[in-house]
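J.: Please see the structure below; I have some questions.
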Amino acid sequence: MDLSPLENEIRKRIKLAGPMPIRQFMTMCLTHPDYGYYVTRDPFGVSGDFITSPEISQVFGELIGLWAASAWHMMGQPENVRLIELGPGRGTMLIDAMRAAQVVPAFRAAIVLHLVEINPKLRERQQQMLGTIDVPAMWHETFDEVPDGPAIILANEFFDALPINQAIKQFNGWYERVVEVDASGNLAFGIASDVIPLFDQLVPPAVRDAPVGSIYEWRTDNLALAIGQRMRRELGAALIIDYGHLKSAAGDTLQAVGNHNFVSALHNPGEVDLTAHVDFEAIASTADSMGARIHGPVDQARLLRNLGIEKRAAALKTYASPEKGAEIDSACQRLLGQGRGGMGRLFKALAITHPDMKTVPGFE
Ligand SMILES: C[S@@+](CC[C@H](N)C(=O)[O-])C[C@H]1O[C@@H](n2cnc3c(N)ncnc32)[C@H](O)[C@@H]1O
């Protein structure tokens, strides 16, 4: 059997240390320094694995830019503001946001960009993109590296890429879900041998009565905590948009996408994108417990409508050819759509701000 270097390494670790927790498997697949999915490629576009909202329509980034300008206004128009993007992809959202921000010149002049990105290929692409505009920018490996100061934080489809833990309920309690090598020599999901002590008391109340066999997922990266602390400490606003659920619930949402198709999460480690839905209630309650103010969560469709997507699309169509007009319509339908393939209901938005800030746009 011809295995990839990463699969060989995963198997070696399982042989040495026993079944591997899902979190460790996902971390290796996504960010292994040599073979991790997010370290070795640009995964975007028609020839890549997936497409995100900023890549679907320029309107998305423009509305986010106007949101950021309003947030800056509500923060009392600080002379310097850090505009932080977590996982900026190809930099498309930032470019569209910065173009829209030109309508508020004092805001644009106040901005220093901070891009939190681990992917060297995407960093290069972001540098090229941002080289076309005159705004100071710096790059960081992690959010903690961004210096203090008033901040606006943007994260579109970032949290779903952060590794999850999974526990599975059995008759006598919850056990960690793991990856192991099965009797036929294939990677397979399994259950750790020891029960997690007192786990029933740690899961949210809504999950406690879940039937045997249920899976509960949680993240331990502390990002929501760090954002909540930062928003409590100094003026700022964060906008998180991602696919996920409004309320914490049991369910297995670990998924793998390769070449725009769903594939097995255990097949081809490091070659496919692994993600899991975002638990917005968990993020909101963590940030709230740090003393920040929570806005939403709301569906993406509601956020974008409140921010004026229909008006902006109509304005763009005024100068567009009929073909371009049809493209704008179909992009907006995808961003707002409620049914299959639509992102309007599946995606949610949550804002976290300094406690003194009033309701930010989009969440009225
Ligand atoms: C799904 S993409 C979303 C990109 C962009 N926000 C968009 O909407 O098009 C995830 C982004 O986060 C970056 N990323 C993933 N895991 C990361 C991590 N642990 N630390 C920093 N960046 C990460 C990826 O390289 C990529 O830029």
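By order in the structure tokens, chains are A, B, ...; within a chain, residues start at 1; ligands start at 1, following the order shown.
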List all protein, DNA and RNA residues that have any atom at most 9 Å from ligand 1, counting only C-alpha atoms and all ligand atoms, and write the list as a tab-separated table (two decimals) with N, CA, C and O atoms, in the first residue's frame.

T.:
```tsv
chain	number	residue	atom	x	y	z
A	27	THR	N	-5.27	18.33	13.94
A	27	THR	CA	-4.15	19.28	13.98
A	27	THR	C	-3.05	18.84	13.01
A	27	THR	O	-2.52	19.66	12.24
A	30	LEU	N	-4.17	19.37	9.35
A	30	LEU	CA	-4.32	20.75	8.87
A	30	LEU	C	-3.02	21.55	8.96
A	30	LEU	O	-2.72	22.34	8.07
A	31	THR	N	-2.26	21.35	10.05
A	31	THR	CA	-1.14	22.29	10.26
A	31	THR	C	0.20	21.61	10.53
A	31	THR	O	1.10	22.22	11.09
A	37	TYR	N	-2.47	20.36	5.51
A	37	TYR	CA	-3.30	20.89	4.41
A	37	TYR	C	-3.13	22.40	4.26
A	37	TYR	O	-2.99	22.91	3.14
A	38	TYR	N	-3.15	23.12	5.40
A	38	TYR	CA	-3.07	24.58	5.32
A	38	TYR	C	-1.65	25.11	5.19
A	38	TYR	O	-1.44	26.33	5.20
A	39	VAL	N	-0.68	24.23	5.10
A	39	VAL	CA	0.70	24.69	5.00
A	39	VAL	C	1.23	24.49	3.58
A	39	VAL	O	2.16	25.16	3.14
A	41	ARG	N	-0.60	24.43	0.43
A	41	ARG	CA	-1.33	24.78	-0.80
A	41	ARG	C	-2.19	26.03	-0.66
A	41	ARG	O	-2.47	26.47	0.46
A	42	ASP	N	-2.66	26.53	-1.81
A	42	ASP	CA	-3.73	27.52	-1.85
A	42	ASP	C	-4.99	26.73	-2.19
A	42	ASP	O	-5.15	26.25	-3.31
A	43	PRO	N	-5.89	26.55	-1.21
A	43	PRO	CA	-7.02	25.63	-1.43
A	43	PRO	C	-8.24	26.25	-2.11
A	43	PRO	O	-9.28	25.61	-2.23
A	44	PHE	N	-8.12	27.53	-2.55
A	44	PHE	CA	-9.32	28.24	-3.01
A	44	PHE	C	-9.62	28.06	-4.49
A	44	PHE	O	-8.77	27.64	-5.26
A	50	PHE	N	-12.56	24.57	-2.19
A	50	PHE	CA	-13.80	25.22	-1.76
A	50	PHE	C	-13.80	26.68	-2.18
A	50	PHE	O	-12.79	27.21	-2.64
A	51	ILE	N	-14.96	27.31	-2.01
A	51	ILE	CA	-15.07	28.74	-2.32
A	51	ILE	C	-15.79	29.40	-1.14
A	51	ILE	O	-16.69	28.80	-0.56
A	52	THR	N	-15.33	30.59	-0.76
A	52	THR	CA	-15.91	31.25	0.42
A	52	THR	C	-16.68	32.52	-0.01
A	52	THR	O	-16.54	32.97	-1.15
A	53	SER	N	-17.43	33.10	0.93
A	53	SER	CA	-18.28	34.26	0.60
A	53	SER	C	-17.53	35.40	-0.09
A	53	SER	O	-18.01	35.93	-1.11
A	54	PRO	N	-16.34	35.82	0.42
A	54	PRO	CA	-15.67	36.94	-0.26
A	54	PRO	C	-15.29	36.60	-1.70
A	54	PRO	O	-15.20	37.50	-2.55
A	55	GLU	N	-15.09	35.29	-1.98
A	55	GLU	CA	-14.72	34.88	-3.34
A	55	GLU	C	-15.97	34.77	-4.23
A	55	GLU	O	-15.87	34.74	-5.45
A	85	GLU	N	-7.42	40.56	10.73
A	85	GLU	CA	-8.21	39.49	10.12
A	85	GLU	C	-7.58	38.14	10.47
A	85	GLU	O	-6.38	37.92	10.29
A	86	LEU	N	-8.42	37.24	10.97
A	86	LEU	CA	-7.97	35.88	11.30
A	86	LEU	C	-8.20	35.00	10.06
A	86	LEU	O	-9.31	34.89	9.58
A	87	GLY	N	-7.13	34.43	9.52
A	87	GLY	CA	-7.25	33.56	8.36
A	87	GLY	C	-7.78	34.27	7.13
A	87	GLY	O	-8.89	33.97	6.68
A	88	PRO	N	-7.00	35.22	6.57
A	88	PRO	CA	-7.53	36.06	5.48
A	88	PRO	C	-7.58	35.39	4.10
A	88	PRO	O	-7.95	36.04	3.12
A	89	GLY	N	-7.23	34.12	3.97
A	89	GLY	CA	-7.35	33.43	2.69
A	89	GLY	C	-6.53	34.12	1.62
A	89	GLY	O	-5.33	34.35	1.77
A	90	ARG	N	-7.18	34.47	0.52
A	90	ARG	CA	-6.47	35.15	-0.58
A	90	ARG	C	-6.39	36.66	-0.38
A	90	ARG	O	-5.89	37.37	-1.24
A	91	GLY	N	-6.98	37.17	0.70
A	91	GLY	CA	-6.94	38.61	0.96
A	91	GLY	C	-8.07	39.36	0.27
A	91	GLY	O	-8.14	40.59	0.32
A	92	THR	N	-8.98	38.61	-0.35
A	92	THR	CA	-10.05	39.23	-1.14
A	92	THR	C	-10.97	40.10	-0.28
A	92	THR	O	-11.32	41.22	-0.65
A	93	MET	N	-11.34	39.57	0.90
A	93	MET	CA	-12.27	40.32	1.74
A	93	MET	C	-11.64	41.64	2.19
A	93	MET	O	-12.29	42.69	2.18
A	115	LEU	N	-2.60	40.61	9.89
A	115	LEU	CA	-3.14	39.38	9.30
A	115	LEU	C	-2.59	38.16	10.04
A	115	LEU	O	-1.36	38.00	10.15
A	116	VAL	N	-3.51	37.37	10.59
A	116	VAL	CA	-3.10	36.16	11.31
A	116	VAL	C	-3.23	34.99	10.34
A	116	VAL	O	-4.35	34.62	9.95
A	117	GLU	N	-2.10	34.46	9.91
A	117	GLU	CA	-2.11	33.47	8.82
A	117	GLU	C	-0.95	32.49	8.98
A	117	GLU	O	0.19	32.91	9.16
A	118	ILE	N	-1.24	31.18	8.88
A	118	ILE	CA	-0.14	30.21	8.97
A	118	ILE	C	0.33	29.71	7.61
A	118	ILE	O	1.36	29.07	7.52
A	119	ASN	N	-0.44	29.96	6.59
A	119	ASN	CA	-0.15	29.35	5.28
A	119	ASN	C	0.82	30.23	4.49
A	119	ASN	O	0.47	31.35	4.09
A	120	PRO	N	2.05	29.77	4.24
A	120	PRO	CA	3.04	30.62	3.56
A	120	PRO	C	2.61	31.01	2.15
A	120	PRO	O	2.86	32.14	1.71
A	121	LYS	N	1.92	30.10	1.46
A	121	LYS	CA	1.48	30.41	0.08
A	121	LYS	C	0.42	31.51	0.11
A	121	LYS	O	0.42	32.43	-0.72
A	122	LEU	N	-0.50	31.41	1.07
A	122	LEU	CA	-1.55	32.43	1.16
A	122	LEU	C	-0.98	33.76	1.65
A	122	LEU	O	-1.39	34.83	1.20
A	123	ARG	N	0.00	33.69	2.56
A	123	ARG	CA	0.66	34.93	3.02
A	123	ARG	C	1.23	35.69	1.82
A	123	ARG	O	1.09	36.91	1.71
A	140	HIS	N	1.11	37.72	11.39
A	140	HIS	CA	1.35	37.01	12.65
A	140	HIS	C	0.95	35.55	12.49
A	140	HIS	O	0.05	35.24	11.71
A	141	GLU	N	1.60	34.71	13.30
A	141	GLU	CA	1.24	33.28	13.30
A	141	GLU	C	-0.02	33.05	14.13
A	141	GLU	O	-0.81	32.17	13.83
A	142	THR	N	-0.16	33.81	15.22
A	142	THR	CA	-1.31	33.61	16.12
A	142	THR	C	-1.90	34.96	16.54
A	142	THR	O	-1.22	35.99	16.49
A	143	PHE	N	-3.14	34.89	17.02
A	143	PHE	CA	-3.85	36.10	17.47
A	143	PHE	C	-3.14	36.75	18.65
A	143	PHE	O	-3.08	37.98	18.76
A	154	LEU	N	-11.87	40.60	12.37
A	154	LEU	CA	-12.75	39.95	11.40
A	154	LEU	C	-12.33	38.49	11.25
A	154	LEU	O	-11.13	38.20	11.15
A	155	ALA	N	-13.30	37.58	11.24
A	155	ALA	CA	-12.97	36.16	11.05
A	155	ALA	C	-14.08	35.52	10.24
A	155	ALA	O	-15.17	35.25	10.76
A	156	ASN	N	-13.83	35.31	8.96
A	156	ASN	CA	-14.81	34.61	8.12
A	156	ASN	C	-14.28	33.21	7.82
A	156	ASN	O	-13.18	33.07	7.26
A	157	GLU	N	-15.04	32.21	8.16
A	157	GLU	CA	-14.63	30.80	7.97
A	157	GLU	C	-13.24	30.54	8.55
A	157	GLU	O	-12.40	29.94	7.90
A	158	PHE	N	-13.00	31.01	9.75
A	158	PHE	CA	-11.73	30.73	10.43
A	158	PHE	C	-11.94	29.70	11.55
A	158	PHE	O	-11.23	28.70	11.63
A	159	PHE	N	-12.97	29.91	12.36
A	159	PHE	CA	-13.18	29.02	13.52
A	159	PHE	C	-13.43	27.57	13.08
A	159	PHE	O	-13.03	26.63	13.77
A	160	ASP	N	-14.09	27.38	11.92
A	160	ASP	CA	-14.40	26.00	11.50
A	160	ASP	C	-13.13	25.21	11.21
A	160	ASP	O	-13.12	23.98	11.21
A	161	ALA	N	-12.02	25.93	10.94
A	161	ALA	CA	-10.75	25.26	10.61
A	161	ALA	C	-9.95	24.92	11.87
A	161	ALA	O	-8.89	24.31	11.78
A	162	LEU	N	-10.45	25.34	13.04
A	162	LEU	CA	-9.71	25.04	14.27
A	162	LEU	C	-10.10	23.65	14.77
A	162	LEU	O	-11.29	23.29	14.78
A	163	PRO	N	-9.11	22.84	15.17
A	163	PRO	CA	-9.39	21.46	15.55
A	163	PRO	C	-10.41	21.33	16.69
A	163	PRO	O	-10.47	22.17	17.58
A	241	ILE	N	-17.99	35.15	11.39
A	241	ILE	CA	-18.99	34.57	10.48
A	241	ILE	C	-18.52	33.17	10.12
A	241	ILE	O	-17.35	32.98	9.77
A	242	ASP	N	-19.43	32.21	10.20
A	242	ASP	CA	-19.01	30.83	9.92
A	242	ASP	C	-20.25	29.95	9.82
A	242	ASP	O	-21.34	30.36	10.18
A	273	ASP	N	-9.53	19.13	3.05
A	273	ASP	CA	-9.82	20.11	4.11
A	273	ASP	C	-10.70	19.47	5.18
A	273	ASP	O	-11.76	18.92	4.86
A	275	THR	N	-12.94	20.17	8.55
A	275	THR	CA	-13.54	21.26	9.34
A	275	THR	C	-14.63	20.68	10.24
A	275	THR	O	-15.01	19.52	10.08
```

J.: Got a sec: who's within 10 Å of Leu239 in chain A, counting only C-alpha atoms, leaving out chain neighbours fewer than 4 positions off, as a PyMOL selection string?

T.: chain A and resi 64+67-68+85+152-156+295+349-353+360

J.: Within 9 Å of Gly236 in chain A, counting only C-alpha atoms, which residues qualify if same-chain residues fewer than 2 places away don't, as a PyMOL selection string?

T.: chain A and resi 71-72+75+81+149-153+230-234+238+352-354+357

J.: For CA of Leu346 in chain A and CA of Asp252 in chain A, determine how far apart the two atoms are, in Å to one decimal place.

T.: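 Pair CA of Leu346 in chain A / CA of Asp252 in chain A returns 15.7 Å.
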
J.: To one decimal place in Å, what is the distance between CA of Ser330 in chain A and CA of Gly344 in chain A?

T.: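 Computed distance, CA of Ser330 in chain A to CA of Gly344 in chain A, equals 13.0 Å.
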
J.: Set the distance at 9 Å and use only C-alpha atoms: which residues neighbour range 109-114 of chain A once local chain neighbours fewer than 4 positions away are removed? I'd like the list as a list of chain:residue names.

T.: A:Gln77, A:Pro78, A:Glu79, A:Asn80, A:Val81, A:Arg82, A:Leu83, A:Ile84, A:Glu85, A:Leu86, A:Val104, A:Pro105, A:Val135, A:Pro136, A:Ala137, A:Met138, A:Trp139, A:His140, A:Val146

J.: Convert the current residue selection to file output with C-alpha atoms, as a JSON list (two decimals), in the first residue's frame.

T.:
```
[["chain", "number", "residue", "atom", "x", "y", "z"],
["A", 77, "GLN", "CA", -12.94, 57.19, 16.10],
["A", 78, "PRO", "CA", -9.55, 56.30, 17.61],
["A", 79, "GLU", "CA", -6.61, 57.81, 15.71],
["A", 80, "ASN", "CA", -5.02, 54.38, 15.35],
["A", 81, "VAL", "CA", -6.94, 51.15, 15.02],
["A", 82, "ARG", "CA", -5.72, 47.60, 14.43],
["A", 83, "LEU", "CA", -7.80, 45.91, 11.75],
["A", 84, "ILE", "CA", -7.11, 42.25, 12.48],
["A", 85, "GLU", "CA", -8.21, 39.49, 10.12],
["A", 86, "LEU", "CA", -7.97, 35.88, 11.30],
["A", 104, "VAL", "CA", -14.66, 57.23, 5.46],
["A", 105, "PRO", "CA", -11.13, 58.61, 4.81],
["A", 135, "VAL", "CA", -2.03, 50.68, 4.07],
["A", 136, "PRO", "CA", 0.55, 49.42, 6.58],
["A", 137, "ALA", "CA", 0.25, 45.67, 7.15],
["A", 138, "MET", "CA", 1.94, 43.03, 9.29],
["A", 139, "TRP", "CA", 1.60, 39.28, 9.59],
["A", 140, "HIS", "CA", 1.35, 37.01, 12.65],
["A", 146, "VAL", "CA", -1.07, 41.07, 17.74]]
```

J.: Smallest atom-to-atom distance to Met74 in chain A: which of A:Leu266, A:Leu336, A:Ala237, A:Leu307, using only C-alpha atoms?

T.: A:Ala237

J.: Name all residues at most 7 Å from Ala276 in chain A (count only C-alpha atoms; drop same-chain ones fewer than 2 positions away) and give them as an NGL selection string.

T.: :A and (160 or 253-255 or 278)

J.: Point out the residue among A:Glu217, A:Glu364, A:Glu180, A:Asp200 with the least atom-to-atom distance to Asn165 in chain A, counting only C-alpha atoms.

T.: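 Residue with the minimum atom-to-atom distance to Asn165 in chain A: A:Glu217.
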
J.: What's the 10 Å shell around Met20 in chain A, counting only C-alpha atoms, without same-chain residues fewer than 2 positions away, as a PDB file with N, CA and C atoms, in the first residue's frame?

T.:
```pdb
ATOM      1  N   ILE A  10       1.244   9.451  10.951  1.00  0.00           N
ATOM      2  CA  ILE A  10       0.092   9.244  11.850  1.00  0.00           C
ATOM      3  C   ILE A  10       0.083   7.796  12.344  1.00  0.00           C
ATOM      4  N   ARG A  11       0.295   6.863  11.421  1.00  0.00           N
ATOM      5  CA  ARG A  11       0.301   5.437  11.804  1.00  0.00           C
ATOM      6  C   ARG A  11       1.435   5.139  12.792  1.00  0.00           C
ATOM      7  N   ARG A  13       2.763   7.169  14.936  1.00  0.00           N
ATOM      8  CA  ARG A  13       2.417   7.699  16.269  1.00  0.00           C
ATOM      9  C   ARG A  13       1.380   6.826  16.960  1.00  0.00           C
ATOM     10  N   ILE A  14       0.416   6.314  16.181  1.00  0.00           N
ATOM     11  CA  ILE A  14      -0.612   5.446  16.773  1.00  0.00           C
ATOM     12  C   ILE A  14       0.046   4.169  17.308  1.00  0.00           C
ATOM     13  N   LYS A  15       1.010   3.655  16.536  1.00  0.00           N
ATOM     14  CA  LYS A  15       1.703   2.428  16.967  1.00  0.00           C
ATOM     15  C   LYS A  15       2.465   2.672  18.275  1.00  0.00           C
ATOM     16  N   ALA A  17       2.052   5.408  20.502  1.00  0.00           N
ATOM     17  CA  ALA A  17       1.361   6.024  21.651  1.00  0.00           C
ATOM     18  C   ALA A  17      -0.081   5.568  21.804  1.00  0.00           C
ATOM     19  N   GLY A  18      -0.572   4.746  20.877  1.00  0.00           N
ATOM     20  CA  GLY A  18      -1.952   4.283  20.978  1.00  0.00           C
ATOM     21  C   GLY A  18      -2.894   5.190  20.189  1.00  0.00           C
ATOM     22  N   ILE A  22      -9.144  12.856  18.259  1.00  0.00           N
ATOM     23  CA  ILE A  22      -9.550  13.555  17.024  1.00  0.00           C
ATOM     24  C   ILE A  22      -8.814  14.893  16.891  1.00  0.00           C
ATOM     25  N   ARG A  23      -8.660  15.583  18.017  1.00  0.00           N
ATOM     26  CA  ARG A  23      -8.032  16.900  17.961  1.00  0.00           C
ATOM     27  C   ARG A  23      -6.600  16.798  17.410  1.00  0.00           C
ATOM     28  N   GLN A  24      -5.876  15.770  17.869  1.00  0.00           N
ATOM     29  CA  GLN A  24      -4.489  15.615  17.414  1.00  0.00           C
ATOM     30  C   GLN A  24      -4.448  15.229  15.932  1.00  0.00           C
ATOM     31  N   PHE A  25      -5.395  14.363  15.535  1.00  0.00           N
ATOM     32  CA  PHE A  25      -5.471  13.948  14.125  1.00  0.00           C
ATOM     33  C   PHE A  25      -5.741  15.171  13.239  1.00  0.00           C
ATOM     34  N   MET A  26      -6.717  15.976  13.654  1.00  0.00           N
ATOM     35  CA  MET A  26      -7.096  17.150  12.856  1.00  0.00           C
ATOM     36  C   MET A  26      -5.946  18.162  12.803  1.00  0.00           C
ATOM     37  N   GLU A 176     -13.587   9.677  24.975  1.00  0.00           N
ATOM     38  CA  GLU A 176     -13.012  10.444  23.870  1.00  0.00           C
ATOM     39  C   GLU A 176     -13.071   9.618  22.579  1.00  0.00           C
ATOM     40  N   ARG A 177     -13.412  10.269  21.460  1.00  0.00           N
ATOM     41  CA  ARG A 177     -13.391   9.582  20.158  1.00  0.00           C
ATOM     42  C   ARG A 177     -11.977   9.693  19.597  1.00  0.00           C
ATOM     43  N   VAL A 178     -11.515   8.627  18.986  1.00  0.00           N
ATOM     44  CA  VAL A 178     -10.111   8.574  18.561  1.00  0.00           C
ATOM     45  C   VAL A 178     -10.004   8.038  17.132  1.00  0.00           C
ATOM     46  N   VAL A 179      -8.786   8.144  16.588  1.00  0.00           N
ATOM     47  CA  VAL A 179      -8.473   7.498  15.310  1.00  0.00           C
ATOM     48  C   VAL A 179      -7.497   6.370  15.623  1.00  0.00           C
ATOM     49  N   GLU A 180      -7.801   5.170  15.076  1.00  0.00           N
ATOM     50  CA  GLU A 180      -6.940   4.001  15.334  1.00  0.00           C
ATOM     51  C   GLU A 180      -6.734   3.244  14.024  1.00  0.00           C
ATOM     52  N   VAL A 181      -5.930   2.180  14.106  1.00  0.00           N
ATOM     53  CA  VAL A 181      -5.775   1.321  12.931  1.00  0.00           C
ATOM     54  C   VAL A 181      -6.592   0.061  13.201  1.00  0.00           C
ATOM     55  N   PHE A 189     -12.336   5.203  12.979  1.00  0.00           N
ATOM     56  CA  PHE A 189     -12.718   5.874  14.220  1.00  0.00           C
ATOM     57  C   PHE A 189     -12.891   4.832  15.320  1.00  0.00           C
ATOM     58  N   GLY A 190     -12.497   5.190  16.546  1.00  0.00           N
ATOM     59  CA  GLY A 190     -12.658   4.269  17.673  1.00  0.00           C
ATOM     60  C   GLY A 190     -13.007   5.055  18.921  1.00  0.00           C
ATOM     61  N   ILE A 191     -13.025   4.353  20.036  1.00  0.00           N
ATOM     62  CA  ILE A 191     -13.391   4.959  21.322  1.00  0.00           C
ATOM     63  C   ILE A 191     -12.267   4.688  22.313  1.00  0.00           C
ATOM     64  N   ALA A 192     -11.818   5.716  23.030  1.00  0.00           N
ATOM     65  CA  ALA A 192     -10.724   5.537  24.005  1.00  0.00           C
ATOM     66  C   ALA A 192     -11.134   4.526  25.075  1.00  0.00           C
TER      67      ALA A 192
END
```

J.: Give me every helix (DSSP H, G or I) residue in range 160-269 of chain A, going by DSSP on the backbone, as number ranges by chain.

T.: A: 160-161, 199-202, 205-208, 223-233

J.: As number ranges by chain, please: every residue in range 7-142 of chain A that a backbone DSSP assignment puts in strand (DSSP E or B).

T.: A: 20-21, 44, 50, 81-86, 111-116, 137-140

J.: So how far away is CA of Leu63 in chain A from CA of Val103 in chain A, in Å?

T.: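 Straight-line distance from CA of Val103 in chain A to CA of Leu63 in chain A works out to 12.1 Å.
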
J.: Given only C-alpha atoms as the basis, pick out the residue of A:Arg108, A:Ser285, A:Gly258, A:His73 nearest to Val272 in chain A.

T.: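 When distances to Val272 in chain A are compared using only C-alpha atoms, the smallest one comes from A:Gly258.
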